[in-house]
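For reference, input.cif is printed below; it contains mmCIF, C-alpha atoms.
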```cif
data_input
loop_
_atom_site.group_PDB
_atom_site.id
_atom_site.type_symbol
_atom_site.label_atom_id
_atom_site.label_comp_id
_atom_site.auth_asym_id
_atom_site.auth_seq_id
_atom_site.Cartn_x
_atom_site.Cartn_y
_atom_site.Cartn_z
ATOM 1 C CA MET R 1 0.000 0.000 0.000
ATOM 2 C CA ILE R 2 2.744 2.475 0.996
ATOM 3 C CA ARG R 3 4.769 1.723 -2.125
ATOM 4 C CA SER R 4 1.654 2.166 -4.252
ATOM 5 C CA ILE R 5 0.991 5.648 -2.823
ATOM 6 C CA VAL R 6 4.585 6.780 -3.373
ATOM 7 C CA TRP R 7 4.574 5.309 -6.907
ATOM 8 C CA CYS R 8 1.308 7.149 -7.774
ATOM 9 C CA VAL R 9 2.637 10.506 -6.545
ATOM 10 C CA LEU R 10 5.922 10.124 -8.421
ATOM 11 C CA THR R 11 4.130 8.975 -11.579
ATOM 12 C CA MET R 12 1.878 12.045 -11.516
ATOM 13 C CA ILE R 13 4.757 14.497 -11.183
ATOM 14 C CA GLY R 14 7.110 12.614 -13.527
ATOM 15 C CA PRO R 15 5.934 13.707 -16.995
ATOM 16 C CA LEU R 16 6.558 17.439 -16.538
ATOM 17 C CA ALA R 17 8.802 18.533 -19.388
ATOM 18 C CA HIS R 18 12.047 20.420 -18.694
ATOM 19 C CA ALA R 19 11.510 20.357 -14.945
ATOM 20 C CA GLN R 20 14.318 19.870 -12.444
ATOM 21 C CA THR R 21 14.312 16.560 -10.568
ATOM 22 C CA TRP R 22 16.162 15.723 -7.337
ATOM 23 C CA LEU R 23 16.893 12.492 -5.493
ATOM 24 C CA HIS R 24 16.427 12.720 -1.706
ATOM 25 C CA VAL R 25 18.744 10.588 0.434
ATOM 26 C CA THR R 26 17.787 10.810 4.106
ATOM 27 C CA GLY R 27 19.951 9.703 6.955
ATOM 28 C CA ILE R 28 20.571 11.747 10.125
ATOM 29 C CA SER R 29 18.438 13.470 12.763
ATOM 30 C CA TRP R 30 18.970 15.126 16.155
ATOM 31 C CA HIS R 31 16.331 15.271 18.884
ATOM 32 C CA ASP R 32 15.851 17.461 21.918
ATOM 33 C CA ARG R 33 15.533 14.326 24.117
ATOM 34 C CA SER R 34 17.305 10.963 24.162
ATOM 35 C CA GLY R 35 15.750 7.610 23.268
ATOM 36 C CA TYR R 36 15.033 8.316 19.613
ATOM 37 C CA ASN R 37 16.537 6.811 16.475
ATOM 38 C CA ASN R 38 19.029 9.278 14.965
ATOM 39 C CA TYR R 39 19.757 7.138 11.900
ATOM 40 C CA ASN R 40 16.899 7.515 9.420
ATOM 41 C CA PRO R 41 17.769 5.939 6.042
ATOM 42 C CA GLY R 42 15.409 6.574 3.161
ATOM 43 C CA LEU R 43 14.928 7.635 -0.447
ATOM 44 C CA GLY R 44 12.612 10.039 -2.199
ATOM 45 C CA MET R 45 12.166 12.093 -5.340
ATOM 46 C CA GLU R 46 11.354 15.748 -5.850
ATOM 47 C CA ARG R 47 10.158 17.324 -9.077
ATOM 48 C CA GLN R 48 9.746 21.000 -9.948
ATOM 49 C CA ILE R 49 6.143 21.777 -10.946
ATOM 50 C CA ALA R 50 6.286 25.597 -11.259
ATOM 51 C CA PRO R 51 9.005 28.262 -10.937
ATOM 52 C CA ARG R 52 8.798 28.364 -7.101
ATOM 53 C CA TRP R 53 7.004 25.064 -6.426
ATOM 54 C CA SER R 54 8.007 21.414 -6.374
ATOM 55 C CA ALA R 55 6.415 18.164 -5.177
ATOM 56 C CA ALA R 56 8.252 15.434 -3.294
ATOM 57 C CA ALA R 57 7.467 11.928 -2.046
ATOM 58 C CA GLY R 58 9.481 9.169 -0.474
ATOM 59 C CA ALA R 59 9.973 6.729 2.378
ATOM 60 C CA TYR R 60 12.344 6.541 5.370
ATOM 61 C CA HIS R 61 12.850 4.777 8.712
ATOM 62 C CA ASN R 62 11.695 7.325 11.294
ATOM 63 C CA SER R 63 12.891 8.280 14.769
ATOM 64 C CA LEU R 64 10.386 5.907 16.408
ATOM 65 C CA TYR R 65 11.969 2.947 14.574
ATOM 66 C CA ARG R 66 8.993 2.747 12.174
ATOM 67 C CA ASP R 67 8.726 3.080 8.418
ATOM 68 C CA SER R 68 7.227 6.354 7.163
ATOM 69 C CA ILE R 69 6.158 7.727 3.804
ATOM 70 C CA TYR R 70 5.829 11.403 3.008
ATOM 71 C CA ALA R 71 4.335 13.571 0.306
ATOM 72 C CA VAL R 72 4.870 17.344 0.347
ATOM 73 C CA ALA R 73 4.503 20.439 -1.765
ATOM 74 C CA LYS R 74 7.595 22.598 -1.429
ATOM 75 C CA TYR R 75 7.482 26.386 -1.809
ATOM 76 C CA GLN R 76 10.827 28.040 -2.595
ATOM 77 C CA TRP R 77 10.614 31.158 -0.450
ATOM 78 C CA ILE R 78 14.145 32.511 -0.948
ATOM 79 C CA LYS R 79 16.588 31.405 -3.627
ATOM 80 C CA ASP R 80 20.188 32.465 -3.930
ATOM 81 C CA PRO R 81 22.820 30.795 -6.151
ATOM 82 C CA ASP R 82 24.155 28.882 -3.127
ATOM 83 C CA TRP R 83 21.307 28.998 -0.568
ATOM 84 C CA GLN R 84 17.633 28.227 -0.613
ATOM 85 C CA ILE R 85 14.926 28.574 2.054
ATOM 86 C CA ASN R 86 11.814 26.459 1.523
ATOM 87 C CA VAL R 87 8.544 25.664 3.251
ATOM 88 C CA ASN R 88 7.275 22.066 2.963
ATOM 89 C CA MET R 89 3.556 21.364 3.394
ATOM 90 C CA GLY R 90 2.097 17.882 3.241
ATOM 91 C CA ALA R 91 1.619 14.634 5.126
ATOM 92 C CA VAL R 92 3.639 11.817 6.702
ATOM 93 C CA THR R 93 2.801 8.357 8.040
ATOM 94 C CA GLY R 94 4.350 6.254 10.796
ATOM 95 C CA TYR R 95 3.689 8.426 13.858
ATOM 96 C CA PRO R 96 1.203 7.649 16.669
ATOM 97 C CA LEU R 97 -0.822 10.888 16.449
ATOM 98 C CA ALA R 98 -2.730 9.681 13.362
ATOM 99 C CA SER R 99 -2.288 7.199 10.544
ATOM 100 C CA ILE R 100 -1.523 10.210 8.316
ATOM 101 C CA SER R 101 -0.204 13.340 10.049
ATOM 102 C CA PRO R 102 -0.049 16.810 8.460
ATOM 103 C CA VAL R 103 3.355 18.515 8.390
ATOM 104 C CA LEU R 104 4.617 22.053 7.875
ATOM 105 C CA LEU R 105 8.424 22.051 7.759
ATOM 106 C CA PRO R 106 10.798 24.999 7.332
ATOM 107 C CA GLU R 107 13.911 24.013 5.385
ATOM 108 C CA ILE R 108 17.252 25.510 4.419
ATOM 109 C CA CYS R 109 19.485 24.089 1.674
ATOM 110 C CA HIS R 110 23.073 24.802 0.712
ATOM 111 C CA GLY R 111 24.227 23.013 -2.418
ATOM 112 C CA TRP R 112 23.148 19.381 -2.101
ATOM 113 C CA MET R 113 22.660 19.448 1.681
ATOM 114 C CA CYS R 114 19.338 20.365 3.273
ATOM 115 C CA LEU R 115 18.267 20.761 6.896
ATOM 116 C CA PHE R 116 14.658 20.927 8.028
ATOM 117 C CA ALA R 117 13.054 21.365 11.417
ATOM 118 C CA MET R 118 10.387 18.817 12.312
ATOM 119 C CA PRO R 119 8.074 19.685 15.201
ATOM 120 C CA SER R 120 6.828 17.098 17.647
ATOM 121 C CA ILE R 121 4.048 15.022 16.061
ATOM 122 C CA GLY R 122 1.960 14.117 19.088
ATOM 123 C CA PRO R 123 2.796 13.484 22.743
ATOM 124 C CA ASP R 124 5.009 10.425 22.081
ATOM 125 C CA THR R 125 7.506 12.276 19.889
ATOM 126 C CA THR R 126 9.982 15.118 20.129
ATOM 127 C CA ALA R 127 11.107 17.910 17.842
ATOM 128 C CA ALA R 128 14.004 17.087 15.540
ATOM 129 C CA ALA R 129 16.445 18.594 13.085
ATOM 130 C CA VAL R 130 16.937 16.409 10.007
ATOM 131 C CA ILE R 131 19.685 16.489 7.377
ATOM 132 C CA TYR R 132 19.282 14.966 3.929
ATOM 133 C CA LEU R 133 20.974 15.134 0.563
ATOM 134 C CA ARG R 134 19.054 16.681 -2.348
ATOM 135 C CA ILE R 135 20.944 15.481 -5.416
ATOM 136 C CA PRO R 136 20.009 17.020 -8.795
ATOM 137 C CA LEU R 137 19.325 14.486 -11.526
ATOM 138 C CA PRO R 138 19.903 15.056 -15.247
#
```

What does the file become when written as structure tokens?
Amino acid sequence: MIRSIVWCVLTMIGPLAHAQTWLHVTGISWHDRSGYNNYNPGLGMERQIAPRWSAAAGAYHNSLYRDSIYAVAKYQWIKDPDWQINVNMGAVTGYPLASISPVLLPEICHGWMCLFAMPSIGPDTTAAAVIYLRIPLP
């Protein structure tokens, strides 16, 4: 089911002509309390859909030692040749608050490296800072 959802999202955003595409490689997080998984491997894809907008979807192993999938729309708020500040809006699975939880994530990118702040999703989680690679594809 999870793979089917990710596949549908990526298939819908795939055919856009001349749009930039990125591979997301997730991996590291830091939490404001101990007891959480700080190694979060995963893969995703992002595709530009308008000059300041892109859509992304993927899967990763979350900080609660569960598998999660995400789908977000990304608004490019500030763009500089080296820096970018984005706002991600969408949904994620794998957290106890709900089967699908809404997310609003501020993000800063420099080159291929991005950092976003994830708020606590329910009483059983904690806020986190997450680093991932955003690799441009040809």

For Gly42 (chain R), please output as a PDB file with C-alpha atoms, keeping the file's coordinate frame all residues within 7 Å (counting all atoms listed in the file; exclusion window: fewer than 6 positions along the same chain).
```pdb
ATOM      1  CA  VAL R  25      18.744  10.588   0.434  1.00  0.00           C
ATOM      2  CA  THR R  26      17.787  10.810   4.106  1.00  0.00           C
ATOM      3  CA  GLY R  27      19.951   9.703   6.955  1.00  0.00           C
ATOM      4  CA  ALA R  59       9.973   6.729   2.378  1.00  0.00           C
ATOM      5  CA  TYR R  60      12.344   6.541   5.370  1.00  0.00           C
ATOM      6  CA  HIS R  61      12.850   4.777   8.712  1.00  0.00           C
TER       7      HIS R  61
END
```

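The two atoms in question, CA of Gly44 (chain R) and CA of His110 (chain R), are spaced 18.3 Å apart.
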
* the PyMOL selection byres ((chain R and resi 71-78) around 6) resolved against shown file, as an MDAnalysis selection string -> chainID R and resid 52:57 70 79 84:91

* **8 Å contact set for Ala19 (chain R), all atoms listed in the file, chain neighbours under 4 positions out, as JSON, numbers by chain** => {"R": [47, 48, 49]}

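When all atoms listed in the file are used to measure the gap to Pro119 (chain R), the shortest distance among R:Asp67, R:Asp82, R:Glu46, R:Asp32 belongs to R:Asp32.
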
* What is the CA of Gly94 (chain R)-CA of Met118 (chain R) distance in Å, reported with one decimal? -> 14.0 Å

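Picture a line from CA of Gly58 (chain R) to CA of Thr125 (chain R); it runs 20.7 Å.
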
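Nearest to Arg66 (chain R) of all the residues R:Val103, R:Met45, R:Val92, R:Ile131 is R:Val92, based on only C-alpha atoms.
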
Explicit residue set for the PyMOL selection byres ((chain R and resi 95-99) around 9), as a compact mmCIF listing (two decimals) with C-alpha atoms, in the coordinates of the input:
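So the final result, stored in result-v7.txt, reads:
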```txt
# COMPACT_ATOMS: atom_id res chain seq x y z
CA ASN R 62 11.70 7.32 11.29
CA LEU R 64 10.39 5.91 16.41
CA ARG R 66 8.99 2.75 12.17
CA SER R 68 7.23 6.35 7.16
CA VAL R 92 3.64 11.82 6.70
CA THR R 93 2.80 8.36 8.04
CA GLY R 94 4.35 6.25 10.80
CA ILE R 100 -1.52 10.21 8.32
CA SER R 101 -0.20 13.34 10.05
CA ILE R 121 4.05 15.02 16.06
CA GLY R 122 1.96 14.12 19.09
CA PRO R 123 2.80 13.48 22.74
CA ASP R 124 5.01 10.42 22.08
CA THR R 125 7.51 12.28 19.89
```

* Tell me which protein, DNA and RNA residues are within 8 Å of Ser63 (chain R), counting only C-alpha atoms, leaving out same-chain ones fewer than 6 positions away, and put them as a PyMOL selection string. => chain R and resi 29+36-40

Axis-aligned box for all listed atoms of region 20-25 of chain R, 3 Å per side, centre and edges in Å to one decimal, as JSON:
```
{"center_x": 16.5, "center_y": 15.2, "center_z": -6.0, "size_x": 10.4, "size_y": 15.3, "size_z": 18.9}
```

* Which of R:Pro102, R:Ala117, R:Thr21, R:Pro136 sits closest to Ile69 (chain R) [using only C-alpha atoms] -> R:Pro102
